[in-house]
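Q: I'd like to ask some things about the structure below.
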Amino acid sequence: MTLLSEDQSARPQPCRLPEPGKPPSLYPRSPDCGGSKEDYMDSTEAGVFGAVEPPRRSRGRLVLHGLVMFGREFCYAVEAAFVTPVLLSVGLPRSLYSLVWLISPILGFLLQPVIGSASDYCRSPWGRRRPYILTLGVLMLLGITLFLNGDAVVSAVVSDRTLRSTWAIVVVMLGVVLFDFAADFIDGPIKAYLFDVCSHRDKERGLHYHALLTGLGGACGYLVGAMDWGHSVLGGLLGSEYQVIYFFSALTWGVFLTVHLFSIPEQPLARDPYDSSPSSALRLLGSHGNGYGALAKEPASSSGPPPPPPATDLRPRSFSALGEANSVTSSAKQPNKEAQKTLTLRSLLRAVADMPSHYRCLCVSHLLGWTAFLCNMLFFTDFMGQIVYNGNPYAEHNSTAYVTYERGVEVGCWGLCINAVSSALYSYVQRFLLPYIGLKGLYFVGYLVFGLGTSLIGLFPNVAATLALCSVFGVMSSTLYTIPFNLIAEYQRQEEEELKLQGSGKRPRGSGMDCAALTCMVQLAQIIVGAGLGALVNAAGSVVVVVLSASAASLLGCIFISLFIRRVN
């Protein structure tokens, strides 16, 4: 009740909108609306997009909204810690173990722009983003179910040892691919949901809460993985260590996903009040030009209702995460030049390729950062088991070499827990560093610290040094989850201000496309890691090459950031 009252007290009273079918001149205006043309135009747009400026959100609302990142990172931590050990323990050859990360990012890289833009255009009564978030959340739950329980289920059903090993590999890999696919996809709609329902200041606060809860969720996930559940009461009750970990993961994800979906009301994308034709999520009204973020257009009927009074100046509005913000209101402003857009993969990919240079440079630096981060994180527990502890994942499960390897994996989980805690702490420290070094400086520092730390881990692989240096992973994690999205918000804010000063009638791009483009870089980085790292480990004969590759990619990213990333004021 407290959260609701805070939101309501902060919510501005909206102007009343023209009813469909009534001329604007016959509809009385609210005294709060004034009588200017610009106010009228904002009211017309509000009929399509919802509120011009979202209300201020309370801290509690933003925290509840960010809890989904806690649950997502909790499950991600379990996956990162146990995928490689589980696959190796069921018999997957070393030369193939990185390929498990290759399938889902290929699908994600091809489909991510479609998901990001389609959610921009979704007209569900429940909102634009939440239907996608719910669907992907269910797929995440199904994936982690197969991943953590697949071996046990196959062992109970299949008696032949050879077939059991084959089917265990297939089921576990299917679970990993499904979970990874959904977990990567869900990040874009979650960020766009935040951008939709928050003012510019609240977007920044919300991203910080996302980063904080991401770190805490990862810490709890790795902490659960570091415990010896096999000899506990829960282990005896549920059957094995993996079933206990699955119980905590499914419970955490289910609860926090539900809280997130009901945290902040999302305004459905309403029909244009001047458009009487049936609308579709994939058939949208277009604009005059094909700029970045716009789709290919097909000519449509030039007939339409009489235009409302023209607006010469529009008040600044926070960018919404809608692709329609490009110009969907053209039917209200210039109905005789109405056009329609068809959503296609080709047009979306062309829109991504045609983005302004500073957005494209941000995508490249994001690609380098995630390549470095995934090289290290996806195989870190295996590195601890094989290099730091000198264990053997292929040994018999009752042998000393395999027990030593398992011990290394558990200690690796503790190291990743340190990484998650440092990520949460650094996301808080960022707020104090920002006024001094700016977003570009924070971006550079995150890559530099990670590159130097991972190089030291590869050169001096002992337990104490490795655990101490795990804190630098958190610096990189917090950087990747916050700084690029903050830069997007700043770029678009500057563009809105420039459009206002120029008196241009162009509309700002939808941030769904920008968020999708950044998320595509995560999938592309995973493709690079999955395709190349296994062969690199085979050629080097040691998994120490994993952390050295991470260091090299991160330091290369430092150079790129210093030369090509645009500084914001």
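By convention here, the chains of the structure tokens are called A, B, ... in the order presented, each chain's residues are numbered starting at 1, and ligands are numbered starting at 1 in the order presented.
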Identify, on the basis of only C-alpha atoms, every residue whose closest approach to Ser542 (chain A) does not exceed 9 Å; exclude the query and any residue fewer than 6 positions from it along the same chain; express the result as a PyMOL selection string.

A: chain A and resi 386-387+536

Q: Excluding same-chain residues fewer than 6 positions from Leu67 (chain A), what lies within 9 Å of it counting only C-alpha atoms, as JSON, numbers by chain?

A: {"A": [209, 210, 213, 214, 217, 256, 257, 259, 260]}

Q: Based on the selection just made, write N, CA, C and O atoms of those residues as a PDB file, in the first residue's frame.

A:
```pdb
ATOM      1  N   TYR A 209      19.998  -0.330  -9.468  1.00  0.00           N
ATOM      2  CA  TYR A 209      19.385  -1.398  -8.671  1.00  0.00           C
ATOM      3  C   TYR A 209      19.478  -2.737  -9.393  1.00  0.00           C
ATOM      4  O   TYR A 209      19.683  -3.782  -8.764  1.00  0.00           O
ATOM      5  N   HIS A 210      19.335  -2.709 -10.705  1.00  0.00           N
ATOM      6  CA  HIS A 210      19.503  -3.946 -11.479  1.00  0.00           C
ATOM      7  C   HIS A 210      20.904  -4.517 -11.274  1.00  0.00           C
ATOM      8  O   HIS A 210      21.073  -5.727 -11.079  1.00  0.00           O
ATOM      9  N   LEU A 213      21.323  -5.874  -7.638  1.00  0.00           N
ATOM     10  CA  LEU A 213      20.629  -7.138  -7.417  1.00  0.00           C
ATOM     11  C   LEU A 213      21.204  -8.253  -8.283  1.00  0.00           C
ATOM     12  O   LEU A 213      21.154  -9.425  -7.902  1.00  0.00           O
ATOM     13  N   THR A 214      21.760  -7.891  -9.435  1.00  0.00           N
ATOM     14  CA  THR A 214      22.458  -8.888 -10.250  1.00  0.00           C
ATOM     15  C   THR A 214      23.642  -9.458  -9.482  1.00  0.00           C
ATOM     16  O   THR A 214      23.853 -10.678  -9.444  1.00  0.00           O
ATOM     17  N   GLY A 217      22.333 -11.609  -6.566  1.00  0.00           N
ATOM     18  CA  GLY A 217      21.795 -12.874  -7.060  1.00  0.00           C
ATOM     19  C   GLY A 217      22.890 -13.841  -7.451  1.00  0.00           C
ATOM     20  O   GLY A 217      22.820 -15.045  -7.139  1.00  0.00           O
ATOM     21  N   PHE A 256      10.706 -14.435  -7.862  1.00  0.00           N
ATOM     22  CA  PHE A 256      11.162 -13.109  -8.265  1.00  0.00           C
ATOM     23  C   PHE A 256      10.653 -12.714  -9.644  1.00  0.00           C
ATOM     24  O   PHE A 256      10.454 -11.523  -9.920  1.00  0.00           O
ATOM     25  N   LEU A 257      10.451 -13.684 -10.530  1.00  0.00           N
ATOM     26  CA  LEU A 257       9.844 -13.367 -11.826  1.00  0.00           C
ATOM     27  C   LEU A 257       8.418 -12.865 -11.628  1.00  0.00           C
ATOM     28  O   LEU A 257       7.992 -11.882 -12.253  1.00  0.00           O
ATOM     29  N   VAL A 259       7.164 -11.408  -8.913  1.00  0.00           N
ATOM     30  CA  VAL A 259       7.232 -10.074  -8.302  1.00  0.00           C
ATOM     31  C   VAL A 259       7.545  -9.018  -9.365  1.00  0.00           C
ATOM     32  O   VAL A 259       6.944  -7.931  -9.385  1.00  0.00           O
ATOM     33  N   HIS A 260       8.480  -9.318 -10.245  1.00  0.00           N
ATOM     34  CA  HIS A 260       8.864  -8.375 -11.304  1.00  0.00           C
ATOM     35  C   HIS A 260       7.677  -8.041 -12.213  1.00  0.00           C
ATOM     36  O   HIS A 260       7.447  -6.875 -12.550  1.00  0.00           O
TER      37      HIS A 260
END
```

Q: In region 320-488 of chain A, what's alpha helix (DSSP H) per DSSP? Answer as an NGL selection string?

A: :A and (330-333 or 345-353 or 357-377 or 380-383 or 400-459 or 463-469 or 471-488)

Q: Looking at A:Leu62, A:Ala540, A:Ile488, A:Ile457, which one is nearest to Pro356 (chain A), with distances taken over only C-alpha atoms?

A: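 Ranked by minimum distance to Pro356 (chain A), first place goes to A:Ile488.
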
Q: In terms of the shortest atom-to-atom distance over only C-alpha atoms, which of A:Ala152, A:Ala183, A:Ala525, A:Val546 is closest to Thr454 (chain A)?

A: A:Val546

Q: Please provide the set of residues having any atom within 7 Å of Phe473 (chain A), restricted to only C-alpha atoms, with same-chain residues fewer than 4 positions apart removed, written as a list in words.

A: Asn419, Phe450 and Ser477 of chain A

Q: Pick out the residues sitting within 12 Å of region 425-433 of chain A, and hand them over as JSON, numbers by chain; count only C-alpha atoms, and ignore anything fewer than 6 positions along from it in its own chain.

A: {"A": [204, 205, 206, 207, 208, 209, 210, 211, 212, 213, 214, 215, 216, 219, 418, 419, 439, 440, 441, 442, 443, 445, 446, 471, 472, 473, 474, 475, 476, 477, 478, 479, 480, 481, 482, 483, 486]}

Q: Set the distance at 9 Å and use only C-alpha atoms: which residues neighbour region 140-146 of chain A once local chain neighbours fewer than 5 positions away are removed? I'd like the list as a ChimeraX atom specification.

A: /A:72,75,79,135,151,153,171-183,246,249-250,253-254

Q: How many Å separate CA of Leu111 (chain A) from CA of Thr519 (chain A)?

A: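 Taking CA of Leu111 (chain A) and CA of Thr519 (chain A), their separation equals 10.8 Å.
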
Q: So that I can check the surroundings of Leu548 (chain A), please list as a PDB file with N, CA, C and O atoms, in the first residue's frame every protein, DNA and RNA residue that reaches within 8 Å of it, counting only C-alpha atoms and ignoring chain neighbours fewer than 3 positions away.

A:
```pdb
ATOM      1  N   THR A 454      42.856 -10.935 -14.749  1.00  0.00           N
ATOM      2  CA  THR A 454      42.849 -12.275 -15.348  1.00  0.00           C
ATOM      3  C   THR A 454      44.233 -12.684 -15.837  1.00  0.00           C
ATOM      4  O   THR A 454      44.582 -13.873 -15.805  1.00  0.00           O
ATOM      5  N   SER A 455      45.027 -11.744 -16.286  1.00  0.00           N
ATOM      6  CA  SER A 455      46.391 -12.107 -16.698  1.00  0.00           C
ATOM      7  C   SER A 455      47.206 -12.603 -15.504  1.00  0.00           C
ATOM      8  O   SER A 455      47.976 -13.571 -15.618  1.00  0.00           O
ATOM      9  N   GLY A 458      46.156 -16.196 -14.693  1.00  0.00           N
ATOM     10  CA  GLY A 458      46.741 -17.178 -15.608  1.00  0.00           C
ATOM     11  C   GLY A 458      48.224 -17.400 -15.367  1.00  0.00           C
ATOM     12  O   GLY A 458      48.729 -18.523 -15.522  1.00  0.00           O
ATOM     13  N   VAL A 544      44.544 -23.244 -19.120  1.00  0.00           N
ATOM     14  CA  VAL A 544      45.073 -21.950 -18.688  1.00  0.00           C
ATOM     15  C   VAL A 544      44.930 -20.910 -19.791  1.00  0.00           C
ATOM     16  O   VAL A 544      44.881 -19.704 -19.536  1.00  0.00           O
ATOM     17  N   VAL A 545      44.824 -21.382 -21.042  1.00  0.00           N
ATOM     18  CA  VAL A 545      44.664 -20.467 -22.161  1.00  0.00           C
ATOM     19  C   VAL A 545      43.337 -19.718 -22.079  1.00  0.00           C
ATOM     20  O   VAL A 545      43.189 -18.641 -22.671  1.00  0.00           O
ATOM     21  N   SER A 551      42.023 -12.122 -20.789  1.00  0.00           N
ATOM     22  CA  SER A 551      42.839 -10.936 -20.525  1.00  0.00           C
ATOM     23  C   SER A 551      43.145 -10.183 -21.810  1.00  0.00           C
ATOM     24  O   SER A 551      43.038  -8.950 -21.873  1.00  0.00           O
ATOM     25  N   ALA A 552      43.536 -10.918 -22.864  1.00  0.00           N
ATOM     26  CA  ALA A 552      43.887 -10.276 -24.130  1.00  0.00           C
ATOM     27  C   ALA A 552      42.693  -9.534 -24.732  1.00  0.00           C
ATOM     28  O   ALA A 552      42.817  -8.391 -25.189  1.00  0.00           O
TER      29      ALA A 552
END
```

Q: In Å, rounded to a single decimal, give me how far CA of Val224 (chain A) is from CA of Gly415 (chain A).

A: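 These two atoms are separated by 12.6 Å.
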
Q: Choose the residue, out of A:Leu238, A:Val255, A:Val100, A:Met513, that has the smallest atom-to-atom separation from Gly137 (chain A); count only C-alpha atoms.

A: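 Smallest separation from Gly137 (chain A) among the options: A:Val255.
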